Amino acid sequence: MRQFIERHTFWAIVLVLLIAVFLWLVFAVWPPWLVAAIGRKKTFVNTLFNGVTLGGLYFLVASGFTLVFGLMRNVNLAHGSMYLLGGYIGYDVAEASGSWFLGLAVAFLVIALSGALLQVLVFRRMEGDDLRQTLVTIGLSIVAADLMLAAWTGVTYQFAPPEWLFGAAKLPIVSAVKSSGDAVYIKYPIYRLSVLVVAIGIGIALWLFLNRTRVGMMIRAGVNDRDMLSASGVNVQLVFAVVFAIGAGLAGFAGVVGGTALSISPGEDIRYLLASLIVVIVGGLGSVTGAAIGALLIGLAEQFGLAYFPTYGVVLTFLIMVFVLAVRPQGIMGGR
Amino acid sequence: MEARRRRGHGIFSGGIAWSDLHPGTVAAVVFLLAWPSFTSDFFTFQIGAYSLILGTIALSLMLLAGYGGMVSLAQLTVAGITAYLVAILGDNSVGVMGLGWPWWLTVPAAILAGAVLGALIGAISVRTEGIYTIMITLAIAVVSFFFVRQNYVLFNGWTGFAGVEPPTLFGIYWRDPVPFYYLSLLVAGGFFCAVAYVSRSTFGLGLQAIRDNPRRMRALGFDVALHRIFAFFLAGLIAATAGVLLVWFNGRVSPGTMGVEASIDILVIAVVGGLRHPIGPFLGAVGFVLLENFAIDLIDRERFNTVIGLVFLLVVLFSPDGLLGLWNRIRPRLRFDRNARPVAGRATMDAAGQPASARQSTS
Amino acid sequence: MYRTRKTLFTAAALLAGSTGLAGIAQAEDTIKMGALATLEGAFAALGEDSMRGVTMALEEVDYMAGGKKIELVTGSSDASPDSAIRATRKLVEQDGVQVMVGPLSGSEGLAVKDYAKTQPDVTFVNGTSAAQDTTLRDPAPNFFRFSTDGAQWMAGLGEYAYNVKGYRSVAVLAEDYSFPYTQVFGFLEPFCRLGGKAPADARFWVPIGNKDYSSVIAALPDDVDAIYVALGGADAINFLTQYEQAGGELPLVAGSITVDQSVLGSKGRTRDFVIGTPSAGPISDTWDDPRWDAFVAAYQKRFPDGFPSPTLFSHGYYINTKALLLGIEAVGGDLSDGGAALRAALSALEFETPTGMVTLDPRRNAVADIFLTEVIVGPEGNLVNKTLEVIPAVSQTFGLAYEKFLEYGQVSRENPPCE
């Protein structure tokens, strides 16, 4: 940190100023000229929170995608289908057992298992053949989407989260002061805040897993040099299966979390596949940190786009992608 | 083969001798030309012409994937945007845009714009290697779909454009089944020959060599990125022309025309047909269109996508060269091999002297 | 591999077979009827329910009309106009249907109307597509709509919101395509004529299929009396839940498919805060009338695995199919004149439906009763729509002269301006 300040004094000052302006925007009561310029504070702060929480959700989905790619060079285009399937299975279990958390756990386990099976039964047979693996995942996603439509129909499903997660919390942020002098506080859904907490928790857990455990060490070694890892006596296939299981399981987990925040219905598989694609293209394939940065960027871009210029919101996301590809083709945190 | 390659100097030098023509090719050409004379309008138009259009779009993908090793999911996007441009620059009945340009201006402008768009997509996606291409083009396809669906000023959003008419020329209304069929046949046949020709040209051979070993080609002084972008431009040209036919065929264009499922259908068509030879995409397209139209009479239409997906999976898992590969595999057993010649894609050796069929991976 | 080959051979066999069959004239004593609905994609469940309506109408007459046997050929689209046209073309040009029912959604309807003009000898009857211009502007002489359009469905709601609820200004939240435009127009036109306000900067048009409404909810103004919401299916469910989560307090006024059974009966939380939300549409779940009760009972008996109560899709397809069958009956099954007599009979048709009498206007669009409803807690504890009022004989032009109505212009985001 100190090194950075010493080396790039100018940029450090700019950064501090930006953070200060940002904090002021969030916490101060906006003067009328600012409201006239960019609209009400309530809209801005809510959109900001929405962007960050959506980024959290995107991180949950994309981290599994990027993890699998980083190790196996397997672009799993059926990742969106796993998200959707996890949501459906989680819903059925939660409905039958009455426990939302059980649904979450089962969704994670079932999708993790299916991911491991896919790796062992299918992808192992065509190792090193990226294109064919990718085509297989496309085929799987076509069939999966249609079979899910048959099993769960086109109806929209929405989870009932535990009661204490539902409703809105009053944030200690003043949006406006009424003429009577009372402060109006901003309200925000509790559930979405907890999505953010969960995403940060998963992120930290992934980091600890990759950096502080033996398996994590093998995985990182495998990302760097797969052949050398296998030459040093490690059962690479087992590591692959474990990583695929974790990556897929995270998608299933995100299916329940996202299905509760929003809802699940046919077509969600493509939405979250697209989100994962853009997040990892921006963040850098194979990097969990990159996925976090990319998810935050895309989440914010999508929400600010929706609130301030709905028609062109999707273009904003696209421009970010093109810009990153032009400046840094391997993505913000991409290694190679 | 060697001799022929050396003969050329320009980027497109190469050649096909008339003596190369296989009797089967002649039979196929006669059959295609005679097709409208013994079928109903429905089969001429909706089966025949539509297969040719889809086949042409898939052909553009085949050019990129088969020779360039770049699987692009945005070829239908190019065709779709071109179709939109025909409606925007020319006439439509919706009352949005419709600049009313004459057809001889609209069509070349739209095709050129489509080809440039193809090159742009290429420029974005070839900055990275291998498998990135499929992801970036998929992202581009999805984003374009969402954009045309939400933009009302230019693309008229969800509804899109209707009432797009082909010109009446030489006293012929070109959407009538028989003229339209021959128009599609002309376009498809022309591009088929062009792709077959390009594959043997210096440029095509360079492209295939880049597919197999980009680093070596870079070391040899080839501009790898430029070759790839030019391939995207050519593929864009093909897809864009097919896009003009597509909008004339439907008489309309809407976001669904270039939706994600439809883009993936193009990939399915190309892969199931076979990526080794330009005929593959057309085989795939005929099979696909027949299934699309008649699946409802055979099986429950509801599970159409499962059938398509399973066929695709089986082909990818067990016959990576598609129907074409299947044919090449069973042909020796049928003892047809006396005058069998290797098909073009197989015959070309890459720069490393390794048979093209030996390569699989692109990264 | 084997499968692929088999498919190819089957396809080849089909090709040969069908080519030969196409030319053979059909038997004299049958009439081929096509039915087009969205049997694939996300709207498949609605398409299936549409086909239930067709089946009910046909079974009522035992597949016989005018002394001829009716042979049903089914077509499927994925709700895109392109696929609707391909399926229609196959039904008409390959299967040789003489009459056709469908399609289901608005832009499909506009596409099929355009196609109908190229097939003057085939008679087209609408399914449930509800775009205004299918019949209002540039109609096809052989396209009939015995169901009503999206603006008609809103009849009475604007007056109710202004006069009874006392709302003076509303914000509008709707999907960004033609069907919600039509509904917004149908609601705002009377509301603003009475003096209500819905300024352009309080209208929010969200992309269809949007899942995350939280930012839009945050942008909704506080200084309006109510929010008029025209979202459908999954979009409506997402909005309602997130609105509740965000602690929204403004009352709602709903479009025809915003608080219907597909939303109220969806899986998940019950949404008690929508109780009291007024809406309007072509059917009402709880209309206490023997004709409707009989229809619901027949539906439930025939399709125990269908929806709890017929949706507006089975209802619309039922009415349109029934009208077609009545027309065929009226001409004694004689379509030898290319259906000209049938079309004349259909134009003059006046018949009893489960939701009251239906007649046609000069552009072959239905004049029918519309139901003004309100969400209440039903007898079984679930949410249902209570019928507040039946608006009789609503015409496409709201009772105005045709030319006068055209002056309102096409439906769009800014129509009516309502400042």
# chains A, B, ... in the order shown; residues from 1 in each chain; ligands from 1
$ interface_residues --of "chain B" --to "chain C" --cutoff "8 Å" --atoms "only C-alpha atoms" --output "PyMOL selection string"
chain B and resi 39-43+46+150+157-159+162+250+252-254+256-257+287+290-291+293+296+301-303+311+314-315+318-319+323
$ residues_around --residues "Gly305 in chain A" --least-positions-apart "3" --cutoff "10 Å" --atoms "only C-alpha atoms" --output "list in words"
Thr47, Gly51, Gly299, Leu300, Ala301, Glu302, Tyr308, Phe309, Pro310, Thr311, Tyr312, Gly313, Val314, Val315, Leu316 and Thr317 of chain A; Ser215 of chain C
$ residues_around --residues "range 88-102 of chain B" --least-positions-apart "5" --cutoff "10 Å" --atoms "only C-alpha atoms" --output "VMD selection string"
chain B and resid 82 to 83 107 109 to 110 152 to 156 159 to 167 251 to 252
$ write_last_selection --atoms "N, CA and C atoms" --output "mmCIF file, in the first residue's frame"
data_model
loop_
_atom_site.group_PDB
_atom_site.id
_atom_site.type_symbol
_atom_site.label_atom_id
_atom_site.label_comp_id
_atom_site.auth_asym_id
_atom_site.auth_seq_id
_atom_site.Cartn_x
_atom_site.Cartn_y
_atom_site.Cartn_z
ATOM 1 N N THR B 82 -28.016 -7.860 -41.090
ATOM 2 C CA THR B 82 -28.169 -7.531 -42.501
ATOM 3 C C THR B 82 -29.650 -7.513 -42.879
ATOM 4 N N ALA B 83 -30.384 -8.503 -42.385
ATOM 5 C CA ALA B 83 -31.823 -8.546 -42.654
ATOM 6 C C ALA B 83 -32.491 -7.275 -42.125
ATOM 7 N N VAL B 107 -29.459 -3.524 -51.123
ATOM 8 C CA VAL B 107 -28.892 -4.862 -50.974
ATOM 9 C C VAL B 107 -27.363 -4.832 -50.866
ATOM 10 N N ALA B 109 -25.460 -2.356 -50.003
ATOM 11 C CA ALA B 109 -25.078 -1.633 -48.781
ATOM 12 C C ALA B 109 -25.255 -2.531 -47.567
ATOM 13 N N ALA B 110 -26.398 -3.238 -47.515
ATOM 14 C CA ALA B 110 -26.658 -4.102 -46.364
ATOM 15 C C ALA B 110 -25.635 -5.228 -46.298
ATOM 16 N N TYR B 152 -36.001 0.737 -29.906
ATOM 17 C CA TYR B 152 -37.175 1.023 -30.718
ATOM 18 C C TYR B 152 -36.906 2.032 -31.812
ATOM 19 N N VAL B 153 -35.901 2.882 -31.589
ATOM 20 C CA VAL B 153 -35.652 3.946 -32.547
ATOM 21 C C VAL B 153 -35.218 3.367 -33.887
ATOM 22 N N LEU B 154 -34.297 2.416 -33.826
ATOM 23 C CA LEU B 154 -33.707 1.887 -35.049
ATOM 24 C C LEU B 154 -34.317 0.539 -35.421
ATOM 25 N N PHE B 155 -34.467 -0.337 -34.450
ATOM 26 C CA PHE B 155 -34.810 -1.722 -34.760
ATOM 27 C C PHE B 155 -36.262 -2.073 -34.448
ATOM 28 N N ASN B 156 -37.026 -1.103 -33.970
ATOM 29 C CA ASN B 156 -38.440 -1.307 -33.654
ATOM 30 C C ASN B 156 -38.673 -2.450 -32.669
ATOM 31 N N THR B 159 -41.238 -6.056 -31.802
ATOM 32 C CA THR B 159 -42.028 -6.352 -32.996
ATOM 33 C C THR B 159 -41.159 -6.532 -34.233
ATOM 34 N N GLY B 160 -40.106 -5.761 -34.348
ATOM 35 C CA GLY B 160 -39.279 -5.837 -35.539
ATOM 36 C C GLY B 160 -39.980 -5.247 -36.744
ATOM 37 N N PHE B 161 -39.618 -5.722 -37.916
ATOM 38 C CA PHE B 161 -40.169 -5.166 -39.146
ATOM 39 C C PHE B 161 -40.943 -6.229 -39.916
ATOM 40 N N ALA B 162 -42.008 -5.788 -40.560
ATOM 41 C CA ALA B 162 -42.766 -6.679 -41.439
ATOM 42 C C ALA B 162 -42.885 -6.006 -42.804
ATOM 43 N N GLY B 163 -43.415 -6.748 -43.768
ATOM 44 C CA GLY B 163 -43.672 -6.176 -45.083
ATOM 45 C C GLY B 163 -42.417 -5.847 -45.855
ATOM 46 N N VAL B 164 -41.376 -6.656 -45.687
ATOM 47 C CA VAL B 164 -40.160 -6.439 -46.466
ATOM 48 C C VAL B 164 -40.281 -7.263 -47.746
ATOM 49 N N GLU B 165 -40.257 -6.577 -48.883
ATOM 50 C CA GLU B 165 -40.533 -7.257 -50.154
ATOM 51 C C GLU B 165 -39.273 -7.341 -51.005
ATOM 52 N N PRO B 166 -39.072 -8.474 -51.660
ATOM 53 C CA PRO B 166 -38.013 -8.522 -52.668
ATOM 54 C C PRO B 166 -38.457 -7.710 -53.886
ATOM 55 N N PRO B 167 -37.524 -7.246 -54.697
ATOM 56 C CA PRO B 167 -37.922 -6.440 -55.857
ATOM 57 C C PRO B 167 -38.612 -7.295 -56.917
ATOM 58 N N GLY B 251 -40.237 -12.263 -45.237
ATOM 59 C CA GLY B 251 -40.965 -11.019 -45.439
ATOM 60 C C GLY B 251 -40.920 -10.144 -44.204
ATOM 61 N N ARG B 252 -40.170 -10.586 -43.206
ATOM 62 C CA ARG B 252 -40.160 -9.863 -41.946
ATOM 63 C C ARG B 252 -38.891 -10.224 -41.189
#
$ residues_around --residues "range 273-279 of chain A" --least-positions-apart "6" --cutoff "10 Å" --atoms "only C-alpha atoms" --output "number ranges by chain"
A: 55, 58-66, 75-83, 285, 290-299, 317-318, 320-322, 331; B: 132, 135-136, 138-143
$ write_last_selection --atoms "N, CA and C atoms" --output "short mmCIF file (atom, residue, chain, number, x, y, z; two decimals), in the first residue's frame"
data_model
loop_
_atom_site.label_atom_id
_atom_site.label_comp_id
_atom_site.auth_asym_id
_atom_site.auth_seq_id
_atom_site.Cartn_x
_atom_site.Cartn_y
_atom_site.Cartn_z
N GLY A 55 -23.94 -8.12 -8.28
CA GLY A 55 -22.56 -8.54 -8.50
C GLY A 55 -22.22 -9.74 -7.62
N TYR A 58 -23.75 -12.74 -9.25
CA TYR A 58 -22.98 -13.11 -10.44
C TYR A 58 -21.67 -13.77 -10.05
N PHE A 59 -21.08 -13.29 -8.95
CA PHE A 59 -19.83 -13.90 -8.52
C PHE A 59 -20.03 -15.37 -8.15
N LEU A 60 -21.14 -15.65 -7.45
CA LEU A 60 -21.42 -17.04 -7.07
C LEU A 60 -21.47 -17.93 -8.31
N VAL A 61 -22.14 -17.44 -9.36
CA VAL A 61 -22.27 -18.27 -10.57
C VAL A 61 -20.94 -18.35 -11.31
N ALA A 62 -20.29 -17.20 -11.45
CA ALA A 62 -19.12 -17.15 -12.34
C ALA A 62 -17.88 -17.76 -11.71
N SER A 63 -17.80 -17.79 -10.36
CA SER A 63 -16.58 -18.31 -9.76
C SER A 63 -16.40 -19.79 -10.10
N GLY A 64 -17.51 -20.54 -10.12
CA GLY A 64 -17.41 -21.95 -10.48
C GLY A 64 -16.98 -22.12 -11.92
N PHE A 65 -17.53 -21.29 -12.78
CA PHE A 65 -17.22 -21.33 -14.21
C PHE A 65 -15.73 -21.09 -14.44
N THR A 66 -15.22 -20.08 -13.76
CA THR A 66 -13.84 -19.70 -13.99
C THR A 66 -12.88 -20.70 -13.36
N VAL A 75 -14.49 -25.01 -21.18
CA VAL A 75 -15.50 -23.95 -21.13
C VAL A 75 -16.85 -24.62 -21.00
N ASN A 76 -17.40 -24.59 -19.82
CA ASN A 76 -18.64 -25.34 -19.58
C ASN A 76 -19.84 -24.47 -19.93
N LEU A 77 -20.30 -24.55 -21.17
CA LEU A 77 -21.44 -23.74 -21.58
C LEU A 77 -22.76 -24.30 -21.04
N ALA A 78 -22.69 -25.42 -20.31
CA ALA A 78 -23.89 -25.91 -19.64
C ALA A 78 -23.96 -25.36 -18.21
N HIS A 79 -23.09 -24.42 -17.90
CA HIS A 79 -23.06 -23.87 -16.54
C HIS A 79 -24.40 -23.22 -16.18
N GLY A 80 -25.00 -22.53 -17.14
CA GLY A 80 -26.32 -21.92 -16.90
C GLY A 80 -27.37 -22.97 -16.61
N SER A 81 -27.31 -24.10 -17.32
CA SER A 81 -28.28 -25.17 -17.08
C SER A 81 -28.13 -25.70 -15.66
N MET A 82 -26.88 -25.75 -15.18
CA MET A 82 -26.66 -26.24 -13.82
C MET A 82 -27.25 -25.27 -12.80
N TYR A 83 -27.13 -24.00 -13.10
CA TYR A 83 -27.75 -22.99 -12.24
C TYR A 83 -29.25 -23.24 -12.14
N LEU A 285 -10.18 -15.28 -17.52
CA LEU A 285 -10.55 -16.68 -17.33
C LEU A 285 -9.60 -17.34 -16.35
N GLY A 290 -10.45 -12.20 -10.36
CA GLY A 290 -10.98 -11.55 -11.56
C GLY A 290 -12.48 -11.69 -11.63
N ALA A 291 -12.99 -12.87 -11.27
CA ALA A 291 -14.43 -13.08 -11.29
C ALA A 291 -15.13 -12.10 -10.35
N ALA A 292 -14.52 -11.88 -9.19
CA ALA A 292 -15.12 -10.94 -8.23
C ALA A 292 -15.16 -9.53 -8.82
N ILE A 293 -14.05 -9.10 -9.39
CA ILE A 293 -14.01 -7.75 -9.97
C ILE A 293 -14.99 -7.63 -11.12
N GLY A 294 -14.95 -8.64 -12.02
CA GLY A 294 -15.85 -8.62 -13.17
C GLY A 294 -17.31 -8.61 -12.75
N ALA A 295 -17.64 -9.44 -11.74
CA ALA A 295 -19.03 -9.53 -11.31
C ALA A 295 -19.51 -8.19 -10.78
N LEU A 296 -18.65 -7.53 -10.00
CA LEU A 296 -19.02 -6.23 -9.44
C LEU A 296 -19.26 -5.22 -10.56
N LEU A 297 -18.34 -5.19 -11.52
CA LEU A 297 -18.46 -4.25 -12.64
C LEU A 297 -19.75 -4.48 -13.41
N ILE A 298 -20.01 -5.76 -13.77
CA ILE A 298 -21.16 -6.07 -14.61
C ILE A 298 -22.46 -5.84 -13.84
N GLY A 299 -22.44 -6.22 -12.55
CA GLY A 299 -23.64 -6.00 -11.73
C GLY A 299 -23.99 -4.52 -11.68
N THR A 317 -22.99 -2.98 -20.69
CA THR A 317 -22.29 -4.21 -20.35
C THR A 317 -21.36 -4.62 -21.48
N PHE A 318 -21.91 -4.55 -22.69
CA PHE A 318 -21.17 -4.97 -23.88
C PHE A 318 -19.92 -4.09 -24.08
N ILE A 320 -18.25 -2.50 -21.87
CA ILE A 320 -17.22 -2.86 -20.90
C ILE A 320 -16.42 -4.05 -21.41
N MET A 321 -17.15 -5.04 -21.94
CA MET A 321 -16.48 -6.24 -22.44
C MET A 321 -15.52 -5.90 -23.59
N VAL A 322 -16.01 -5.12 -24.55
CA VAL A 322 -15.18 -4.79 -25.70
C VAL A 322 -13.97 -3.97 -25.28
N GLY A 331 -8.18 -10.30 -20.05
CA GLY A 331 -9.03 -9.97 -18.92
C GLY A 331 -8.24 -9.25 -17.84
N TYR B 132 -11.61 -18.94 -26.51
CA TYR B 132 -12.19 -17.63 -26.22
C TYR B 132 -13.18 -17.21 -27.31
N MET B 135 -16.73 -18.15 -26.80
CA MET B 135 -17.37 -17.41 -25.70
C MET B 135 -17.69 -15.98 -26.11
N ILE B 136 -16.72 -15.34 -26.75
CA ILE B 136 -16.93 -13.93 -27.09
C ILE B 136 -18.04 -13.80 -28.13
N LEU B 138 -20.47 -15.87 -28.60
CA LEU B 138 -21.76 -16.15 -27.96
C LEU B 138 -22.23 -14.91 -27.21
N ALA B 139 -21.31 -14.28 -26.48
CA ALA B 139 -21.68 -13.06 -25.76
C ALA B 139 -22.17 -11.99 -26.74
N ILE B 140 -21.48 -11.85 -27.87
CA ILE B 140 -21.90 -10.85 -28.86
C ILE B 140 -23.29 -11.18 -29.39
N ALA B 141 -23.52 -12.46 -29.66
CA ALA B 141 -24.83 -12.87 -30.19
C ALA B 141 -25.95 -12.54 -29.21
N VAL B 142 -25.72 -12.86 -27.93
CA VAL B 142 -26.77 -12.63 -26.94
C VAL B 142 -27.01 -11.14 -26.75
N VAL B 143 -25.91 -10.39 -26.65
CA VAL B 143 -26.06 -8.95 -26.43
C VAL B 143 -26.77 -8.29 -27.62
#
$ interface_residues --of "chain A" --to "chain C" --cutoff "6 Å" --atoms "only C-alpha atoms" --output "number ranges by chain"
A: 43, 47, 154, 156-160, 167-168, 188-189, 307
$ write_last_selection --atoms "C-alpha atoms" --output "compact mmCIF listing (two decimals), in the first residue's frame"
# COMPACT_ATOMS: atom_id res chain seq x y z
CA THR A 43 -32.74 5.99 -6.73
CA THR A 47 -29.28 1.23 -7.61
CA GLY A 154 -42.86 -22.89 -18.07
CA THR A 156 -42.21 -19.30 -12.66
CA TYR A 157 -40.96 -20.58 -9.33
CA GLN A 158 -40.16 -18.41 -6.41
CA PHE A 159 -38.73 -19.61 -3.12
CA ALA A 160 -40.12 -18.68 0.24
CA GLY A 167 -38.83 -7.75 4.22
CA ALA A 168 -36.87 -4.53 4.23
CA TYR A 188 -33.42 -2.06 1.53
CA PRO A 189 -34.45 -5.76 1.28
CA ALA A 307 -32.40 2.59 -13.71
$ interface_residues --of "chain A" --to "chain B" --cutoff "6 Å" --atoms "only C-alpha atoms" --output "VMD selection string"
chain A and resid 129 139 142 to 143 146 311
$ atom_distance --atom1 "CA of Gly118 in chain B" --atom2 "CA of Leu85 in chain B"
14.1 Å
$ residues_around --residues "range 280-296 of chain C" --least-positions-apart "6" --cutoff "9 Å" --atoms "only C-alpha atoms" --output "PyMOL selection string"
chain C and resi 147-148+150+152-157+254-257+260-261+309-312+315-316+352-356+368-374+384-387
$ atom_distance --atom1 "CA of Leu67 in chain A" --atom2 "CA of Leu210 in chain A"
10.3 Å
$ atom_distance --atom1 "CA of Ile328 in chain C" --atom2 "CA of Leu346 in chain C"
8.6 Å
$ residues_around --residues "Ala245 in chain A" --least-positions-apart "2" --cutoff "12 Å" --atoms "only C-alpha atoms" --output "PDB file with C-alpha atoms, in the first residue's frame"
ATOM      1  CA  GLY A  64     -17.413 -21.953 -10.481  1.00  0.00           C
ATOM      2  CA  PHE A  65     -17.220 -21.331 -14.207  1.00  0.00           C
ATOM      3  CA  LEU A  67     -12.454 -22.285 -11.560  1.00  0.00           C
ATOM      4  CA  VAL A  68     -13.288 -25.121 -13.949  1.00  0.00           C
ATOM      5  CA  HIS A  79     -23.063 -23.873 -16.541  1.00  0.00           C
ATOM      6  CA  MET A  82     -26.658 -26.243 -13.815  1.00  0.00           C
ATOM      7  CA  PHE A 108     -25.344 -27.857  -4.011  1.00  0.00           C
ATOM      8  CA  LEU A 109     -24.714 -31.562  -3.472  1.00  0.00           C
ATOM      9  CA  VAL A 110     -26.790 -32.875  -6.380  1.00  0.00           C
ATOM     10  CA  ILE A 111     -25.333 -30.469  -8.906  1.00  0.00           C
ATOM     11  CA  ALA A 112     -21.831 -31.056  -7.535  1.00  0.00           C
ATOM     12  CA  LEU A 113     -22.345 -34.777  -8.004  1.00  0.00           C
ATOM     13  CA  SER A 114     -23.656 -34.328 -11.534  1.00  0.00           C
ATOM     14  CA  GLY A 115     -20.638 -32.151 -12.315  1.00  0.00           C
ATOM     15  CA  ALA A 116     -18.233 -34.789 -11.040  1.00  0.00           C
ATOM     16  CA  LEU A 117     -20.071 -37.466 -13.044  1.00  0.00           C
ATOM     17  CA  LEU A 118     -19.859 -35.371 -16.190  1.00  0.00           C
ATOM     18  CA  GLN A 119     -16.141 -34.944 -15.695  1.00  0.00           C
ATOM     19  CA  VAL A 120     -15.528 -38.632 -15.082  1.00  0.00           C
ATOM     20  CA  LEU A 238      -9.289 -36.850  -8.790  1.00  0.00           C
ATOM     21  CA  VAL A 239      -8.337 -33.190  -8.532  1.00  0.00           C
ATOM     22  CA  PHE A 240     -10.244 -32.517 -11.753  1.00  0.00           C
ATOM     23  CA  ALA A 241     -13.330 -34.264 -10.461  1.00  0.00           C
ATOM     24  CA  VAL A 242     -13.181 -32.342  -7.180  1.00  0.00           C
ATOM     25  CA  VAL A 243     -12.835 -29.004  -8.956  1.00  0.00           C
ATOM     26  CA  GLY A 247     -17.639 -25.443  -9.723  1.00  0.00           C
ATOM     27  CA  ALA A 248     -20.900 -27.126 -10.609  1.00  0.00           C
ATOM     28  CA  GLY A 249     -22.049 -27.176  -6.986  1.00  0.00           C
ATOM     29  CA  LEU A 250     -21.558 -23.422  -6.770  1.00  0.00           C
ATOM     30  CA  ALA A 251     -23.811 -23.026  -9.806  1.00  0.00           C
ATOM     31  CA  GLY A 252     -26.516 -25.116  -8.135  1.00  0.00           C
ATOM     32  CA  PHE A 253     -26.064 -23.167  -4.903  1.00  0.00           C
TER      33      PHE A 253
END
$ residues_around --residues "Val234 in chain A" --least-positions-apart "2" --cutoff "12 Å" --atoms "only C-alpha atoms" --output "MDAnalysis selection string"
chainID A and resid 214:215 217:219 221:222 226:232 236:240
